$ cat target05.tsv   # TSV, N, CA and C atoms
chain	number	residue	atom	x	y	z
D	294	MET	N	-2.14	11.65	10.99
D	294	MET	CA	-0.77	11.58	11.46
D	294	MET	C	0.00	12.74	10.84
D	295	THR	N	0.83	13.37	11.64
D	295	THR	CA	1.62	14.50	11.17
D	295	THR	C	3.05	14.06	10.85
D	296	LYS	N	3.79	14.95	10.19
D	296	LYS	CA	5.18	14.66	9.89
D	296	LYS	C	5.96	14.43	11.19
D	297	LYS	N	5.64	15.21	12.20
D	297	LYS	CA	6.32	15.08	13.50
D	297	LYS	C	6.09	13.68	14.09
D	298	GLU	N	4.87	13.17	13.97
D	298	GLU	CA	4.57	11.83	14.47
D	298	GLU	C	5.27	10.75	13.65
D	299	ILE	N	5.37	10.96	12.35
D	299	ILE	CA	6.10	10.02	11.48
D	299	ILE	C	7.56	9.98	11.90
D	300	VAL	N	8.15	11.16	12.11
D	300	VAL	CA	9.56	11.25	12.52
D	300	VAL	C	9.77	10.52	13.84
D	301	LYS	N	8.89	10.76	14.80
D	301	LYS	CA	9.02	10.13	16.12
D	301	LYS	C	8.95	8.60	16.00
D	302	THR	N	8.00	8.11	15.23
D	302	THR	CA	7.83	6.65	15.05
D	302	THR	C	9.07	6.03	14.41
D	303	ILE	N	9.55	6.64	13.34
D	303	ILE	CA	10.72	6.11	12.63
D	303	ILE	C	11.95	6.20	13.52
D	304	SER	N	12.11	7.32	14.20
D	304	SER	CA	13.25	7.53	15.09
D	304	SER	C	13.33	6.44	16.15
D	305	GLU	N	12.20	6.14	16.77
D	305	GLU	CA	12.16	5.10	17.80
D	305	GLU	C	12.44	3.73	17.22
D	306	GLU	N	11.96	3.49	16.00
D	306	GLU	CA	12.10	2.19	15.38
D	306	GLU	C	13.53	1.89	14.94
D	307	ILE	N	14.23	2.90	14.41
D	307	ILE	CA	15.58	2.63	13.88
D	307	ILE	C	16.71	3.14	14.77
D	308	GLY	N	16.36	3.86	15.83
D	308	GLY	CA	17.38	4.28	16.78
D	308	GLY	C	18.19	5.51	16.39
D	309	LEU	N	17.67	6.31	15.49
D	309	LEU	CA	18.33	7.58	15.16
D	309	LEU	C	17.69	8.69	15.98
D	310	THR	N	18.38	9.81	16.10
D	310	THR	CA	17.79	10.95	16.80
D	310	THR	C	16.63	11.49	15.98
D	311	GLN	N	15.70	12.14	16.66
D	311	GLN	CA	14.57	12.73	15.94
D	311	GLN	C	15.05	13.81	14.98
D	312	LEU	N	16.09	14.54	15.35
D	312	LEU	CA	16.61	15.60	14.48
D	312	LEU	C	17.14	15.01	13.17
D	313	LYS	N	17.93	13.94	13.27
D	313	LYS	CA	18.49	13.30	12.07
D	313	LYS	C	17.37	12.66	11.24
D	314	THR	N	16.43	12.02	11.93
D	314	THR	CA	15.31	11.38	11.24
D	314	THR	C	14.46	12.42	10.52
D	315	LYS	N	14.22	13.56	11.17
D	315	LYS	CA	13.44	14.64	10.55
D	315	LYS	C	14.12	15.11	9.27
D	316	GLU	N	15.43	15.23	9.31
D	316	GLU	CA	16.19	15.66	8.13
D	316	GLU	C	16.01	14.65	6.98
D	317	ILE	N	16.07	13.37	7.29
D	317	ILE	CA	15.92	12.33	6.28
D	317	ILE	C	14.51	12.34	5.70
D	318	VAL	N	13.51	12.43	6.57
D	318	VAL	CA	12.12	12.46	6.12
D	318	VAL	C	11.89	13.68	5.23
D	319	GLN	N	12.38	14.84	5.64
D	319	GLN	CA	12.20	16.06	4.84
D	319	GLN	C	12.90	15.95	3.50
D	320	LYS	N	14.11	15.39	3.49
D	320	LYS	CA	14.84	15.21	2.22
D	320	LYS	C	14.07	14.26	1.29
D	321	THR	N	13.43	13.25	1.87
D	321	THR	CA	12.62	12.32	1.07
D	321	THR	C	11.45	13.05	0.43
D	322	PHE	N	10.73	13.86	1.24
D	322	PHE	CA	9.61	14.63	0.70
D	322	PHE	C	10.10	15.61	-0.36
D	323	ASP	N	11.23	16.27	-0.11
D	323	ASP	CA	11.78	17.21	-1.09
D	323	ASP	C	12.11	16.50	-2.41
D	324	ALA	N	12.67	15.29	-2.32
D	324	ALA	CA	13.02	14.53	-3.52
D	324	ALA	C	11.77	14.15	-4.31
D	325	ILE	N	10.69	13.80	-3.60
D	325	ILE	CA	9.43	13.46	-4.27
D	325	ILE	C	8.90	14.68	-5.02
D	326	VAL	N	8.89	15.82	-4.36
D	326	VAL	CA	8.38	17.06	-4.99
D	326	VAL	C	9.25	17.42	-6.20
D	327	GLU	N	10.56	17.34	-6.04
D	327	GLU	CA	11.47	17.67	-7.14
D	327	GLU	C	11.25	16.74	-8.33
D	328	ALA	N	11.08	15.46	-8.07
D	328	ALA	CA	10.84	14.50	-9.15
D	328	ALA	C	9.52	14.81	-9.86
D	329	LEU	N	8.51	15.21	-9.09
D	329	LEU	CA	7.22	15.56	-9.71
D	329	LEU	C	7.36	16.79	-10.60
D	330	VAL	N	8.10	17.77	-10.14
D	330	VAL	CA	8.29	19.00	-10.92
D	330	VAL	C	9.08	18.70	-12.20
D	331	GLU	N	10.12	17.89	-12.09
D	331	GLU	CA	10.99	17.63	-13.24
D	331	GLU	C	10.43	16.54	-14.17
D	332	GLU	N	9.95	15.47	-13.60
D	332	GLU	CA	9.54	14.30	-14.39
D	332	GLU	C	8.03	14.16	-14.54
D	333	ARG	N	7.27	14.84	-13.67
D	333	ARG	CA	5.81	14.78	-13.64
D	333	ARG	C	5.26	13.43	-13.18
D	334	ARG	N	6.13	12.53	-12.73
D	334	ARG	CA	5.68	11.21	-12.27
D	334	ARG	C	6.75	10.61	-11.38
D	335	ILE	N	6.30	9.98	-10.30
D	335	ILE	CA	7.23	9.22	-9.46
D	335	ILE	C	6.51	7.96	-9.01
D	336	GLU	N	7.16	6.84	-9.24
D	336	GLU	CA	6.59	5.54	-8.88
D	336	GLU	C	7.39	4.96	-7.73
D	337	LEU	N	6.70	4.70	-6.63
D	337	LEU	CA	7.33	4.11	-5.46
D	337	LEU	C	6.76	2.70	-5.31
D	338	ARG	N	7.55	1.71	-5.65
D	338	ARG	CA	7.08	0.32	-5.61
D	338	ARG	C	6.50	-0.02	-4.24
D	339	ASN	N	5.44	-0.79	-4.24
D	339	ASN	CA	4.71	-1.20	-3.03
D	339	ASN	C	4.11	-0.04	-2.25
D	340	PHE	N	4.08	1.14	-2.86
D	340	PHE	CA	3.44	2.29	-2.21
D	340	PHE	C	2.41	2.90	-3.15
D	341	GLY	N	2.89	3.45	-4.28
D	341	GLY	CA	1.97	4.02	-5.24
D	341	GLY	C	2.66	4.92	-6.24
D	342	VAL	N	1.84	5.61	-7.03
D	342	VAL	CA	2.36	6.48	-8.08
D	342	VAL	C	1.77	7.88	-7.91
D	343	PHE	N	2.67	8.86	-7.82
D	343	PHE	CA	2.28	10.27	-7.84
D	343	PHE	C	2.48	10.74	-9.26
D	344	GLU	N	1.52	11.53	-9.75
D	344	GLU	CA	1.62	12.01	-11.13
D	344	GLU	C	1.04	13.41	-11.23
D	345	VAL	N	1.70	14.27	-12.01
D	345	VAL	CA	1.18	15.61	-12.26
D	345	VAL	C	0.34	15.54	-13.53
D	346	LYS	N	-0.91	15.99	-13.41
D	346	LYS	CA	-1.81	15.98	-14.56
D	346	LYS	C	-2.42	17.36	-14.73
D	347	GLU	N	-2.87	17.62	-15.95
D	347	GLU	CA	-3.52	18.90	-16.23
D	347	GLU	C	-5.03	18.71	-16.09
D	348	ARG	N	-5.63	19.50	-15.23
D	348	ARG	CA	-7.08	19.46	-15.07
D	348	ARG	C	-7.67	20.52	-16.00
D	349	ALA	N	-8.62	20.12	-16.81
D	349	ALA	CA	-9.22	21.00	-17.80
D	349	ALA	C	-10.01	22.13	-17.14
D	350	ALA	N	-10.15	23.21	-17.87
D	350	ALA	CA	-11.00	24.32	-17.40
D	350	ALA	C	-12.43	23.81	-17.32
D	351	ARG	N	-13.19	24.38	-16.39
D	351	ARG	CA	-14.57	23.93	-16.23
D	351	ARG	C	-15.42	25.02	-15.65
D	352	LYS	N	-16.71	24.80	-15.71
D	352	LYS	CA	-17.67	25.71	-15.08
D	352	LYS	C	-18.04	25.10	-13.74
D	353	ALA	N	-18.12	25.95	-12.72
D	353	ALA	CA	-18.49	25.48	-11.39
D	353	ALA	C	-19.53	26.44	-10.82
D	354	ARG	N	-19.96	26.16	-9.62
D	354	ARG	CA	-20.96	27.01	-8.98
D	354	ARG	C	-20.46	27.39	-7.60
D	355	ASN	N	-20.54	28.67	-7.29
D	355	ASN	CA	-20.18	29.15	-5.96
D	355	ASN	C	-21.24	28.61	-4.99
D	356	PRO	N	-20.84	27.81	-3.98
D	356	PRO	CA	-21.84	27.20	-3.10
D	356	PRO	C	-22.60	28.22	-2.24
D	357	ARG	N	-22.01	29.37	-1.98
D	357	ARG	CA	-22.69	30.38	-1.15
D	357	ARG	C	-23.73	31.17	-1.93
D	358	THR	N	-23.36	31.54	-3.16
D	358	THR	CA	-24.25	32.42	-3.93
D	358	THR	C	-25.01	31.69	-5.03
D	359	GLY	N	-24.52	30.50	-5.42
D	359	GLY	CA	-25.15	29.77	-6.52
D	359	GLY	C	-24.70	30.30	-7.87
D	360	GLU	N	-23.87	31.34	-7.87
D	360	GLU	CA	-23.39	31.96	-9.11
D	360	GLU	C	-22.45	31.02	-9.85
D	361	ARG	N	-22.58	30.97	-11.18
D	361	ARG	CA	-21.68	30.15	-12.00
D	361	ARG	C	-20.33	30.83	-12.10
D	362	VAL	N	-19.27	30.02	-12.01
D	362	VAL	CA	-17.91	30.54	-11.99
D	362	VAL	C	-17.07	29.75	-12.99
D	363	ASP	N	-16.21	30.45	-13.73
D	363	ASP	CA	-15.27	29.78	-14.62
D	363	ASP	C	-14.03	29.41	-13.82
D	364	VAL	N	-13.67	28.13	-13.83
D	364	VAL	CA	-12.47	27.66	-13.15
D	364	VAL	C	-11.45	27.37	-14.24
D	365	PRO	N	-10.28	28.04	-14.20
D	365	PRO	CA	-9.29	27.83	-15.26
D	365	PRO	C	-8.63	26.46	-15.14
D	366	GLU	N	-7.98	26.05	-16.23
D	366	GLU	CA	-7.23	24.79	-16.19
D	366	GLU	C	-6.09	24.95	-15.20
D	367	LYS	N	-5.66	23.84	-14.62
D	367	LYS	CA	-4.53	23.91	-13.69
D	367	LYS	C	-3.86	22.56	-13.58
D	368	MET	N	-2.65	22.57	-13.06
D	368	MET	CA	-1.89	21.35	-12.85
D	368	MET	C	-2.22	20.84	-11.45
D	369	VAL	N	-2.47	19.53	-11.35
D	369	VAL	CA	-2.78	18.92	-10.05
D	369	VAL	C	-1.94	17.66	-9.87
D	370	VAL	N	-1.71	17.29	-8.63
D	370	VAL	CA	-0.99	16.06	-8.32
D	370	VAL	C	-2.03	14.99	-8.01
D	371	THR	N	-1.90	13.83	-8.66
D	371	THR	CA	-2.79	12.72	-8.37
D	371	THR	C	-1.96	11.62	-7.72
D	372	PHE	N	-2.63	10.74	-7.01
D	372	PHE	CA	-1.96	9.61	-6.37
D	372	PHE	C	-2.78	8.36	-6.60
D	373	LYS	N	-2.12	7.32	-7.07
D	373	LYS	CA	-2.77	6.02	-7.24
D	373	LYS	C	-2.03	5.05	-6.32
D	374	PRO	N	-2.71	4.53	-5.31
D	374	PRO	CA	-2.03	3.64	-4.37
D	374	PRO	C	-1.61	2.33	-5.02
D	375	GLY	N	-0.53	1.76	-4.51
D	375	GLY	CA	-0.06	0.47	-4.98
D	375	GLY	C	-0.93	-0.65	-4.45
D	376	LYS	N	-0.72	-1.86	-4.97
D	376	LYS	CA	-1.56	-3.01	-4.60
D	376	LYS	C	-1.49	-3.30	-3.11
D	377	GLU	N	-0.29	-3.21	-2.54
D	377	GLU	CA	-0.12	-3.51	-1.12
D	377	GLU	C	-0.94	-2.54	-0.25
D	378	MET	N	-0.88	-1.26	-0.58
D	378	MET	CA	-1.64	-0.26	0.17
D	378	MET	C	-3.14	-0.49	-0.01
D	379	GLU	N	-3.56	-0.74	-1.24
D	379	GLU	CA	-4.98	-0.98	-1.52
D	379	GLU	C	-5.49	-2.15	-0.69
D	380	GLU	N	-4.71	-3.22	-0.63
D	380	GLU	CA	-5.12	-4.41	0.12
D	380	GLU	C	-5.25	-4.11	1.61
D	381	LYS	N	-4.32	-3.38	2.17
D	381	LYS	CA	-4.39	-3.04	3.60
D	381	LYS	C	-5.60	-2.16	3.90
D	382	VAL	N	-5.92	-1.26	3.00
D	382	VAL	CA	-7.10	-0.40	3.20
D	382	VAL	C	-8.37	-1.24	3.08
D	383	ARG	N	-8.39	-2.18	2.16
D	383	ARG	CA	-9.56	-3.07	2.03
D	383	ARG	C	-9.75	-3.89	3.31
D	384	GLN	N	-8.65	-4.35	3.89
D	384	GLN	CA	-8.73	-5.12	5.14
D	384	GLN	C	-9.28	-4.24	6.26
D	385	LEU	N	-8.89	-2.98	6.27
D	385	LEU	CA	-9.39	-2.03	7.26
D	385	LEU	C	-10.90	-1.87	7.11
D	386	GLU	N	-11.37	-1.75	5.89
D	386	GLU	CA	-12.80	-1.62	5.61
D	386	GLU	C	-13.55	-2.88	6.02
D	387	ALA	N	-12.98	-4.04	5.72
D	387	ALA	CA	-13.63	-5.30	6.09
D	387	ALA	C	-13.72	-5.43	7.61
D	388	ALA	N	-12.68	-5.02	8.31
D	388	ALA	CA	-12.69	-5.08	9.78
D	388	ALA	C	-13.75	-4.13	10.35
D	389	ARG	N	-13.89	-2.96	9.75
D	389	ARG	CA	-14.89	-2.00	10.21
D	389	ARG	C	-16.30	-2.56	10.02
D	390	LYS	N	-16.54	-3.17	8.87
D	390	LYS	CA	-17.86	-3.76	8.61
D	390	LYS	C	-18.15	-4.91	9.56
D	391	ALA	N	-17.13	-5.70	9.87
D	391	ALA	CA	-17.32	-6.82	10.80
D	391	ALA	C	-17.66	-6.30	12.20
D	392	ARG	N	-17.00	-5.23	12.64
D	392	ARG	CA	-17.30	-4.63	13.95
D	392	ARG	C	-18.73	-4.10	13.97
D	393	GLN	N	-19.15	-3.44	12.88
D	393	GLN	CA	-20.51	-2.91	12.81
D	393	GLN	C	-21.53	-4.05	12.87
D	394	ALA	N	-21.26	-5.11	12.15
D	394	ALA	CA	-22.18	-6.25	12.14
D	394	ALA	C	-22.27	-6.88	13.53
D	395	ALA	N	-21.14	-7.00	14.21
D	395	ALA	CA	-21.11	-7.58	15.55
D	395	ALA	C	-21.87	-6.69	16.53
D	396	ALA	N	-21.69	-5.38	16.41
D	396	ALA	CA	-22.39	-4.44	17.29
D	396	ALA	C	-23.89	-4.49	17.03
D	397	HIS	N	-24.26	-4.58	15.76
D	397	HIS	CA	-25.68	-4.64	15.39
D	397	HIS	C	-26.32	-5.94	15.90
D	398	ALA	N	-25.58	-7.04	15.79
D	398	ALA	CA	-26.10	-8.32	16.25
D	398	ALA	C	-26.24	-8.36	17.77
D	399	ALA	N	-25.39	-7.62	18.48
D	399	ALA	CA	-25.43	-7.60	19.95
D	399	ALA	C	-26.55	-6.74	20.49
D	400	GLN	N	-27.05	-5.79	19.73
D	400	GLN	CA	-28.08	-4.85	20.20
D	400	GLN	C	-29.37	-5.54	20.65
D	401	PRO	N	-29.98	-6.44	19.89
D	401	PRO	CA	-31.24	-7.05	20.33
D	401	PRO	C	-31.10	-7.78	21.65
D	402	SER	N	-29.98	-8.48	21.87
D	402	SER	CA	-29.81	-9.22	23.12
D	402	SER	C	-29.65	-8.27	24.30
D	403	GLN	N	-29.05	-7.11	24.08
D	403	GLN	CA	-28.92	-6.11	25.15
D	403	GLN	C	-30.29	-5.54	25.51
D	404	GLN	N	-31.12	-5.30	24.51
D	404	GLN	CA	-32.46	-4.75	24.76
D	404	GLN	C	-33.33	-5.77	25.48
D	405	ALA	N	-33.18	-7.03	25.15
D	405	ALA	CA	-33.99	-8.08	25.79
D	405	ALA	C	-33.66	-8.22	27.26
D	406	SER	N	-32.37	-8.01	27.62
D	406	SER	CA	-31.97	-8.14	29.01
D	406	SER	C	-32.29	-6.90	29.84
D	407	ALA	N	-32.66	-5.80	29.21
D	407	ALA	CA	-32.92	-4.54	29.93
D	407	ALA	C	-34.26	-4.48	30.55
$ encode --input "target05.tsv" --output "structure tokens"
Amino acid sequence: MTKKEIVKTISEEIGLTQLKTKEIVQKTFDAIVEALVEERRIELRNFGVFEVKERAARKARNPRTGERVDVPEKMVVTFKPGKEMEEKVRQLEAARKARQAAAHAAQPSQQASA
């Protein structure tokens, strides 16, 4: 899903113009980035926690040449989903597994009728 699709969905849901909704969505993203830069952490209840962490320097390998490469330390943004998001994703996974099981169970009967 893109920002444009998010704006369209929200705009239709709350009855604001897409232009005004886009401005609000962008200001929200800007506020998140600003909070990360200033505070290094932002917690959004029922959504998750964004945090700036320092990733240590490490040795890596160039996948094309196999050559060892030194990767310097750097700052990265991490995200830990909230409980509500985790639960919805787990439900998505459970539904996918159930569909696969149903499809697998239906295969032998389809072959027998062929």
$ atom_distance --input "target05.tsv" --atom1 "atom N of Leu312 (chain D)" --atom2 "atom N of Val326 (chain D)"
21.0 Å
$ atom_distance --input "target05.tsv" --atom1 "CA of Val342 (chain D)" --atom2 "atom C of Ser304 (chain D)"
26.6 Å
$ select_by_dssp --input "target05.tsv" --residues "chain D" --states "helix (DSSP H, G or I)" --output "short mmCIF file (atom, residue, chain, number, x, y, z; two decimals) with N, CA and C atoms, keeping the file's coordinate frame"
data_model
loop_
_atom_site.label_atom_id
_atom_site.label_comp_id
_atom_site.auth_asym_id
_atom_site.auth_seq_id
_atom_site.Cartn_x
_atom_site.Cartn_y
_atom_site.Cartn_z
N LYS D 296 3.79 14.95 10.19
CA LYS D 296 5.18 14.66 9.89
C LYS D 296 5.96 14.43 11.19
N LYS D 297 5.64 15.21 12.20
CA LYS D 297 6.32 15.08 13.50
C LYS D 297 6.09 13.68 14.09
N GLU D 298 4.87 13.17 13.97
CA GLU D 298 4.57 11.83 14.47
C GLU D 298 5.27 10.75 13.65
N ILE D 299 5.37 10.96 12.35
CA ILE D 299 6.10 10.02 11.48
C ILE D 299 7.56 9.98 11.90
N VAL D 300 8.15 11.16 12.11
CA VAL D 300 9.56 11.25 12.52
C VAL D 300 9.77 10.52 13.84
N LYS D 301 8.89 10.76 14.80
CA LYS D 301 9.02 10.13 16.12
C LYS D 301 8.95 8.60 16.00
N THR D 302 8.00 8.11 15.23
CA THR D 302 7.83 6.65 15.05
C THR D 302 9.07 6.03 14.41
N ILE D 303 9.55 6.64 13.34
CA ILE D 303 10.72 6.11 12.63
C ILE D 303 11.95 6.20 13.52
N SER D 304 12.11 7.32 14.20
CA SER D 304 13.25 7.53 15.09
C SER D 304 13.33 6.44 16.15
N GLU D 305 12.20 6.14 16.77
CA GLU D 305 12.16 5.10 17.80
C GLU D 305 12.44 3.73 17.22
N GLU D 306 11.96 3.49 16.00
CA GLU D 306 12.10 2.19 15.38
C GLU D 306 13.53 1.89 14.94
N ILE D 307 14.23 2.90 14.41
CA ILE D 307 15.58 2.63 13.88
C ILE D 307 16.71 3.14 14.77
N GLN D 311 15.70 12.14 16.66
CA GLN D 311 14.57 12.73 15.94
C GLN D 311 15.05 13.81 14.98
N LEU D 312 16.09 14.54 15.35
CA LEU D 312 16.61 15.60 14.48
C LEU D 312 17.14 15.01 13.17
N LYS D 313 17.93 13.94 13.27
CA LYS D 313 18.49 13.30 12.07
C LYS D 313 17.37 12.66 11.24
N THR D 314 16.43 12.02 11.93
CA THR D 314 15.31 11.38 11.24
C THR D 314 14.46 12.42 10.52
N LYS D 315 14.22 13.56 11.17
CA LYS D 315 13.44 14.64 10.55
C LYS D 315 14.12 15.11 9.27
N GLU D 316 15.43 15.23 9.31
CA GLU D 316 16.19 15.66 8.13
C GLU D 316 16.01 14.65 6.98
N ILE D 317 16.07 13.37 7.29
CA ILE D 317 15.92 12.33 6.28
C ILE D 317 14.51 12.34 5.70
N VAL D 318 13.51 12.43 6.57
CA VAL D 318 12.12 12.46 6.12
C VAL D 318 11.89 13.68 5.23
N GLN D 319 12.38 14.84 5.64
CA GLN D 319 12.20 16.06 4.84
C GLN D 319 12.90 15.95 3.50
N LYS D 320 14.11 15.39 3.49
CA LYS D 320 14.84 15.21 2.22
C LYS D 320 14.07 14.26 1.29
N THR D 321 13.43 13.25 1.87
CA THR D 321 12.62 12.32 1.07
C THR D 321 11.45 13.05 0.43
N PHE D 322 10.73 13.86 1.24
CA PHE D 322 9.61 14.63 0.70
C PHE D 322 10.10 15.61 -0.36
N ASP D 323 11.23 16.27 -0.11
CA ASP D 323 11.78 17.21 -1.09
C ASP D 323 12.11 16.50 -2.41
N ALA D 324 12.67 15.29 -2.32
CA ALA D 324 13.02 14.53 -3.52
C ALA D 324 11.77 14.15 -4.31
N ILE D 325 10.69 13.80 -3.60
CA ILE D 325 9.43 13.46 -4.27
C ILE D 325 8.90 14.68 -5.02
N VAL D 326 8.89 15.82 -4.36
CA VAL D 326 8.38 17.06 -4.99
C VAL D 326 9.25 17.42 -6.20
N GLU D 327 10.56 17.34 -6.04
CA GLU D 327 11.47 17.67 -7.14
C GLU D 327 11.25 16.74 -8.33
N ALA D 328 11.08 15.46 -8.07
CA ALA D 328 10.84 14.50 -9.15
C ALA D 328 9.52 14.81 -9.86
N LEU D 329 8.51 15.21 -9.09
CA LEU D 329 7.22 15.56 -9.71
C LEU D 329 7.36 16.79 -10.60
N VAL D 330 8.10 17.77 -10.14
CA VAL D 330 8.29 19.00 -10.92
C VAL D 330 9.08 18.70 -12.20
N GLU D 331 10.12 17.89 -12.09
CA GLU D 331 10.99 17.63 -13.24
C GLU D 331 10.43 16.54 -14.17
N GLU D 332 9.95 15.47 -13.60
CA GLU D 332 9.54 14.30 -14.39
C GLU D 332 8.03 14.16 -14.54
N LYS D 376 -0.72 -1.86 -4.97
CA LYS D 376 -1.56 -3.01 -4.60
C LYS D 376 -1.49 -3.30 -3.11
N GLU D 377 -0.29 -3.21 -2.54
CA GLU D 377 -0.12 -3.51 -1.12
C GLU D 377 -0.94 -2.54 -0.25
N MET D 378 -0.88 -1.26 -0.58
CA MET D 378 -1.64 -0.26 0.17
C MET D 378 -3.14 -0.49 -0.01
N GLU D 379 -3.56 -0.74 -1.24
CA GLU D 379 -4.98 -0.98 -1.52
C GLU D 379 -5.49 -2.15 -0.69
N GLU D 380 -4.71 -3.22 -0.63
CA GLU D 380 -5.12 -4.41 0.12
C GLU D 380 -5.25 -4.11 1.61
N LYS D 381 -4.32 -3.38 2.17
CA LYS D 381 -4.39 -3.04 3.60
C LYS D 381 -5.60 -2.16 3.90
N VAL D 382 -5.92 -1.26 3.00
CA VAL D 382 -7.10 -0.40 3.20
C VAL D 382 -8.37 -1.24 3.08
N ARG D 383 -8.39 -2.18 2.16
CA ARG D 383 -9.56 -3.07 2.03
C ARG D 383 -9.75 -3.89 3.31
N GLN D 384 -8.65 -4.35 3.89
CA GLN D 384 -8.73 -5.12 5.14
C GLN D 384 -9.28 -4.24 6.26
N LEU D 385 -8.89 -2.98 6.27
CA LEU D 385 -9.39 -2.03 7.26
C LEU D 385 -10.90 -1.87 7.11
N GLU D 386 -11.37 -1.75 5.89
CA GLU D 386 -12.80 -1.62 5.61
C GLU D 386 -13.55 -2.88 6.02
N ALA D 387 -12.98 -4.04 5.72
CA ALA D 387 -13.63 -5.30 6.09
C ALA D 387 -13.72 -5.43 7.61
N ALA D 388 -12.68 -5.02 8.31
CA ALA D 388 -12.69 -5.08 9.78
C ALA D 388 -13.75 -4.13 10.35
N ARG D 389 -13.89 -2.96 9.75
CA ARG D 389 -14.89 -2.00 10.21
C ARG D 389 -16.30 -2.56 10.02
N LYS D 390 -16.54 -3.17 8.87
CA LYS D 390 -17.86 -3.76 8.61
C LYS D 390 -18.15 -4.91 9.56
N ALA D 391 -17.13 -5.70 9.87
CA ALA D 391 -17.32 -6.82 10.80
C ALA D 391 -17.66 -6.30 12.20
N ARG D 392 -17.00 -5.23 12.64
CA ARG D 392 -17.30 -4.63 13.95
C ARG D 392 -18.73 -4.10 13.97
N GLN D 393 -19.15 -3.44 12.88
CA GLN D 393 -20.51 -2.91 12.81
C GLN D 393 -21.53 -4.05 12.87
N ALA D 394 -21.26 -5.11 12.15
CA ALA D 394 -22.18 -6.25 12.14
C ALA D 394 -22.27 -6.88 13.53
N ALA D 395 -21.14 -7.00 14.21
CA ALA D 395 -21.11 -7.58 15.55
C ALA D 395 -21.87 -6.69 16.53
N ALA D 396 -21.69 -5.38 16.41
CA ALA D 396 -22.39 -4.44 17.29
C ALA D 396 -23.89 -4.49 17.03
N HIS D 397 -24.26 -4.58 15.76
CA HIS D 397 -25.68 -4.64 15.39
C HIS D 397 -26.32 -5.94 15.90
N ALA D 398 -25.58 -7.04 15.79
CA ALA D 398 -26.10 -8.32 16.25
C ALA D 398 -26.24 -8.36 17.77
N ALA D 399 -25.39 -7.62 18.48
CA ALA D 399 -25.43 -7.60 19.95
C ALA D 399 -26.55 -6.74 20.49
N GLN D 400 -27.05 -5.79 19.73
CA GLN D 400 -28.08 -4.85 20.20
C GLN D 400 -29.37 -5.54 20.65
N PRO D 401 -29.98 -6.44 19.89
CA PRO D 401 -31.24 -7.05 20.33
C PRO D 401 -31.10 -7.78 21.65
N SER D 402 -29.98 -8.48 21.87
CA SER D 402 -29.81 -9.22 23.12
C SER D 402 -29.65 -8.27 24.30
N GLN D 403 -29.05 -7.11 24.08
CA GLN D 403 -28.92 -6.11 25.15
C GLN D 403 -30.29 -5.54 25.51
N GLN D 404 -31.12 -5.30 24.51
CA GLN D 404 -32.46 -4.75 24.76
C GLN D 404 -33.33 -5.77 25.48
N ALA D 405 -33.18 -7.03 25.15
CA ALA D 405 -33.99 -8.08 25.79
C ALA D 405 -33.66 -8.22 27.26
N SER D 406 -32.37 -8.01 27.62
CA SER D 406 -31.97 -8.14 29.01
C SER D 406 -32.29 -6.90 29.84
#
$ residues_around --input "target05.tsv" --residues "Glu344 (chain D)" --least-positions-apart "3" --cutoff "6.5 Å" --atoms "only N, CA and C atoms" --output "JSON list (two decimals) with N, CA and C atoms, in the coordinates of the input"
[["chain", "number", "residue", "atom", "x", "y", "z"],
["D", 333, "ARG", "N", 7.27, 14.84, -13.67],
["D", 333, "ARG", "CA", 5.81, 14.78, -13.64],
["D", 333, "ARG", "C", 5.26, 13.43, -13.18],
["D", 334, "ARG", "N", 6.13, 12.53, -12.73],
["D", 334, "ARG", "CA", 5.68, 11.21, -12.27],
["D", 334, "ARG", "C", 6.75, 10.61, -11.38],
["D", 335, "ILE", "N", 6.30, 9.98, -10.30],
["D", 335, "ILE", "CA", 7.23, 9.22, -9.46],
["D", 335, "ILE", "C", 6.51, 7.96, -9.01],
["D", 369, "VAL", "N", -2.47, 19.53, -11.35],
["D", 369, "VAL", "CA", -2.78, 18.92, -10.05],
["D", 369, "VAL", "C", -1.94, 17.66, -9.87],
["D", 370, "VAL", "N", -1.71, 17.29, -8.63],
["D", 370, "VAL", "CA", -0.99, 16.06, -8.32],
["D", 370, "VAL", "C", -2.03, 14.99, -8.01],
["D", 371, "THR", "N", -1.90, 13.83, -8.66],
["D", 371, "THR", "CA", -2.79, 12.72, -8.37],
["D", 371, "THR", "C", -1.96, 11.62, -7.72],
["D", 372, "PHE", "N", -2.63, 10.74, -7.01],
["D", 372, "PHE", "CA", -1.96, 9.61, -6.37],
["D", 372, "PHE", "C", -2.78, 8.36, -6.60],
["D", 373, "LYS", "N", -2.12, 7.32, -7.07],
["D", 373, "LYS", "CA", -2.77, 6.02, -7.24],
["D", 373, "LYS", "C", -2.03, 5.05, -6.32]]
$ residues_around --input "target05.tsv" --residues "Thr314 (chain D)" --least-positions-apart "6" --cutoff "8 Å" --atoms "all atoms listed in the file" --output "list in words"
Ile299, Val300, Lys301, Ile303, Ser304 and Lys320 of chain D
$ write_last_selection --input "target05.tsv" --atoms "N, CA and C atoms" --output "CSV table (one decimal), in the coordinates of the input"
chain,number,residue,atom,x,y,z
D,299,ILE,N,5.4,11.0,12.4
D,299,ILE,CA,6.1,10.0,11.5
D,299,ILE,C,7.6,10.0,11.9
D,300,VAL,N,8.2,11.2,12.1
D,300,VAL,CA,9.6,11.2,12.5
D,300,VAL,C,9.8,10.5,13.8
D,301,LYS,N,8.9,10.8,14.8
D,301,LYS,CA,9.0,10.1,16.1
D,301,LYS,C,9.0,8.6,16.0
D,303,ILE,N,9.6,6.6,13.3
D,303,ILE,CA,10.7,6.1,12.6
D,303,ILE,C,12.0,6.2,13.5
D,304,SER,N,12.1,7.3,14.2
D,304,SER,CA,13.2,7.5,15.1
D,304,SER,C,13.3,6.4,16.2
D,320,LYS,N,14.1,15.4,3.5
D,320,LYS,CA,14.8,15.2,2.2
D,320,LYS,C,14.1,14.3,1.3
$ atom_distance --input "target05.tsv" --atom1 "CA of Val345 (chain D)" --atom2 "CA of Lys315 (chain D)"
25.9 Å
$ residues_around --input "target05.tsv" --residues "region 346-352 of chain D" --least-positions-apart "6" --cutoff "7 Å" --atoms "only C-alpha atoms" --output "list in words"
Arg361, Val362, Asp363, Val364, Pro365, Glu366, Lys367, Met368, Val369 and Val370 of chain D
